[in-house]
Structures are given as C-alpha cells and as structure tokens.
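What follows is a short report on a single structure.
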Amino acid sequence: AERVMNSTWIILGATSAMARAFARRVSAQGAGVLLAGRDMDDLAAIAADCALRGARLAEALTFDARKPEGFAVLIDRMAREEGQLNAAVFVGSMPEQSAIDTDPSLIDGVVDDSYSGPARFLQMLAPLIEARESGTIVGVGSVAGDRGRIGNYVYGSAKAGFHTYLSGLRNRLTRAGGHVVTVKPGFVDTAMTWGLPGMFLVASPDAVAADIQKAVAKRRNTIYTPFFWRYIMLIIMHIPEFIFKKMKV
C-alpha cells in the first residue's frame with residue numbers, strides 16, 4: 001500500500017469494530033491517527049496497536065456525540081497537524097425499536113449519535129479542509145437509511161438525514177479539493193448487531209474497512225458494503241408503498 005506520511009485521520013467512534021479495522025489499515029500506510037471516543041482505556045490500547053502497525057502518530061482523544069461542547073478541542077488538535085486532514089465517522093446507536101416505542105425520549109440520543117453530533121463536528125471541520133484544499137471525510141451511514149422499515153425506522157431516519165447531509169457536504173468540499181465518501185454498510189459482525197434476529201449475509205469488519213479504504217483511494221461518492229447490498233436495497237426501494245407498508249422486512 002502506498003504510504004501517506006503527511007496525512008492525519010481523526011476517527012470518531014474509534015472503538016467500534018469497523019473503526020478499529022479501518023484505523024489499522026491507515027496506520028499501515030503511515031498516516032497519523034487520532035482515535036476519538038468515550039472509552040479512554042480501550043482507545044489507548046487501539047492507539048498502541050496502531051503505533052506498532054506504522055502510524056506516524058497515534059493518540060486517544062475524548063469524543064461524545066452528545067456533548068458538542070467538547071468538539072472544539074478536537075478541531076484544535078487537528079489544526080496543529082500539518083498536511084492533509086481527514087475524518088472517518090463510525091458513530092451511531094441503535095436501541096431496539098420496541099424500546100423506543102415504549103420510551104420515545106430515546107429518539108434524541110439516536111439522532112445525536114447517528115446524525116446531529118457527527119454533522120456538527122464535520123461542520124466545524126469543513127473550513128480546515130477548505131483552507132488546505134485537500135482532505136477526505138468518510139461518513140458511515142447504513143442501508144437502513146434507504147427506506148423506513150418497521151424494525152428500525154428511528155435509526156434509519158437518523159442515518160437518512162446523515163446521508164443527505166454528507167451529500168451536501170460533498171458538494172461543498174469538492175469545490176475546494178476535498179472529498180466526501182458516503183458508506184452504506186449492510187449487516188456487519190459488530191457489537192451493535194450481535195444477537196439480532198434476521199441477520200443474513202453478514203460481513204466482517206475488516207472486509208468493510210478494506211472497501212472503505214478502496215473507496216477513499218478512488219474518490220468514490222457513495223458505496224454499499226458488501227457491494228451486493230446495492231442490489232438488495234434497489235429491490236427494497238422499488239417495492240410499491242401499498243405492498244411495502246404491509247411487509248415486515
């Protein structure tokens with residue numbers, strides 16, 4: 001893999017399985033990694049692993065999507081690094097839809113984690129990318145954002161909002177030499193999906209990270225991972241509403 005010495009990635013939600021796999025891959029290229037999340041002990045262990053794999057810099061930082069007052073510290077830390085600044089957003093939360101049906105106040109946390117927190121952070125980062133006329137943002141959404149389904153429509157609606165935000169941000173940053181990749185994973189073998197009923201065609205986190213790395217290199221706009229989810233979702237999106245509303249998918 002080509003080495004990208006003067007490149008730094010901030011990885012939000014860095015303790016997730018997909019984020020770890022992605023961090024390992026960019027570390028092997030010699031990039032710097034700023035690993036941001038809530039579990040500092042876990043992040044420190046990941047940072048040590050990334051340093052061993054060749055990261056130019058590997059640091060653990062505190063990030064909580066629900067506490068935007070902490071975002072400026074991360075932006076300032078990024079600004080101190082020279083060269084290309086990149087961000088990968090793996091943050092999100094998906095309580096059981098039945099739990100949300102019982103307690104609608106849970107919606108706020110889902111929206112903060114899966115959409116508004118990351119969007120607010122990226123909105124603060126955008127001027128840095130514009131100023132340097134380079135940099136890539138990877139926004140991890142979900143196939144759940146393509147159509148509202150009875151099983152997870154609150155989570156899906158938050159990811160749909162994030163997809164639309166990323167589309168507009170891509171439009172903005174492309175003009176300045178930056179780039180935004182929207183990633184729509186299907187079912188991935190992670191803590192979030194572990195034990196859920198109805199899981200099929202489950203991908204490994206590293207396979208997803210490999211797809212993301214390729215998409216960054218090729219400056220792709222939107223990818224489904226694994227690729228066949230593009231076709232699964234194409235079918236789901238074309239089912240007429242009068243049929244779809246009676247289905248349990």
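In the structure tokens, each chain is lettered A, B, ... as it comes, each chain's residues begin at 1, and ligands are numbered from 1 in order of appearance.
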For A:Val26, please output as a PyMOL selection string all residues within 10 Å (counting only C-alpha atoms; exclusion window: fewer than 4 positions along the same chain). chain A and resi 1+3-4+7-9+21-22+30-33+50+53-55+209+213
Quick one: residues within 8 Å of A:Phe63, only C-alpha atoms, excluding same-chain residues fewer than 3 positions away - as a PyMOL selection string? chain A and resi 12-13+36-38+67+70-71
Give me the stretch 135-219 of chain A side of the contact with stretch 91-115 of chain A, cut-off 10 Å, one line per residue showing its nearest atom pair and distance in Å at one decimal, counting only C-alpha atoms, sorted by chain and residue number, as a Markdown table.
```
| residue | atom | partner | partner_atom | distance |
| --- | --- | --- | --- | --- |
| A:Gly139 | CA | A:Val91 | CA | 9.1 |
| A:Val140 | CA | A:Val91 | CA | 7.8 |
| A:Gly141 | CA | A:Ser114 | CA | 8.0 |
| A:Ser142 | CA | A:Gly92 | CA | 9.8 |
| A:Ile150 | CA | A:Gln97 | CA | 8.1 |
| A:Gly151 | CA | A:Gln97 | CA | 6.0 |
| A:Asn152 | CA | A:Gln97 | CA | 5.4 |
| A:Tyr153 | CA | A:Gln97 | CA | 7.5 |
| A:Val154 | CA | A:Ile107 | CA | 6.9 |
| A:Tyr155 | CA | A:Met94 | CA | 5.8 |
| A:Gly156 | CA | A:Met94 | CA | 9.1 |
| A:Ser157 | CA | A:Val111 | CA | 8.5 |
| A:Ala158 | CA | A:Val111 | CA | 5.4 |
| A:Lys159 | CA | A:Ser114 | CA | 6.2 |
| A:Ala160 | CA | A:Tyr115 | CA | 8.6 |
| A:Gly161 | CA | A:Tyr115 | CA | 6.6 |
| A:Phe162 | CA | A:Tyr115 | CA | 5.1 |
| A:His163 | CA | A:Tyr115 | CA | 8.8 |
| A:Tyr165 | CA | A:Tyr115 | CA | 8.6 |
| A:Met192 | CA | A:Met94 | CA | 7.2 |
| A:Thr193 | CA | A:Met94 | CA | 9.0 |
| A:Leu196 | CA | A:Glu96 | CA | 9.4 |
```
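Minimum atom-to-atom distance to A:Ala17, evaluated using only C-alpha atoms, belongs to A:Ala203 out of A:Ala176, A:Val183, A:Ala79, A:Ala203.
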I'd like a table as a Markdown table: residues in stretch 144-190 of chain A with an atom no more than 12 Å from stretch 214-224 of chain A, each row giving the shortest atom pair and its distance in Å to one decimal, only C-alpha atoms counted, sorted by chain and rising residue number.
```
| residue | atom | partner | partner_atom | distance |
| --- | --- | --- | --- | --- |
| A:Ala144 | CA | A:Tyr224 | CA | 11.5 |
| A:Gly145 | CA | A:Tyr224 | CA | 11.8 |
| A:Asp146 | CA | A:Tyr224 | CA | 11.1 |
| A:His163 | CA | A:Thr222 | CA | 9.3 |
| A:Thr164 | CA | A:Thr222 | CA | 11.4 |
| A:Leu166 | CA | A:Asn221 | CA | 9.7 |
| A:Ser167 | CA | A:Asn221 | CA | 8.6 |
| A:Gly168 | CA | A:Asn221 | CA | 11.6 |
| A:Leu169 | CA | A:Asn221 | CA | 11.3 |
| A:Arg170 | CA | A:Asn221 | CA | 8.1 |
| A:Asn171 | CA | A:Asn221 | CA | 10.4 |
| A:Thr174 | CA | A:Arg219 | CA | 10.5 |
| A:Gly177 | CA | A:Arg219 | CA | 11.2 |
| A:Gly178 | CA | A:Arg219 | CA | 9.7 |
| A:His179 | CA | A:Arg219 | CA | 6.9 |
| A:Val180 | CA | A:Asn221 | CA | 6.6 |
| A:Val181 | CA | A:Asn221 | CA | 4.8 |
| A:Thr182 | CA | A:Thr222 | CA | 4.6 |
| A:Val183 | CA | A:Ile223 | CA | 5.1 |
| A:Lys184 | CA | A:Tyr224 | CA | 4.7 |
| A:Pro185 | CA | A:Tyr224 | CA | 5.7 |
| A:Gly186 | CA | A:Tyr224 | CA | 7.4 |
| A:Phe187 | CA | A:Tyr224 | CA | 10.9 |
| A:Val188 | CA | A:Tyr224 | CA | 11.9 |
```
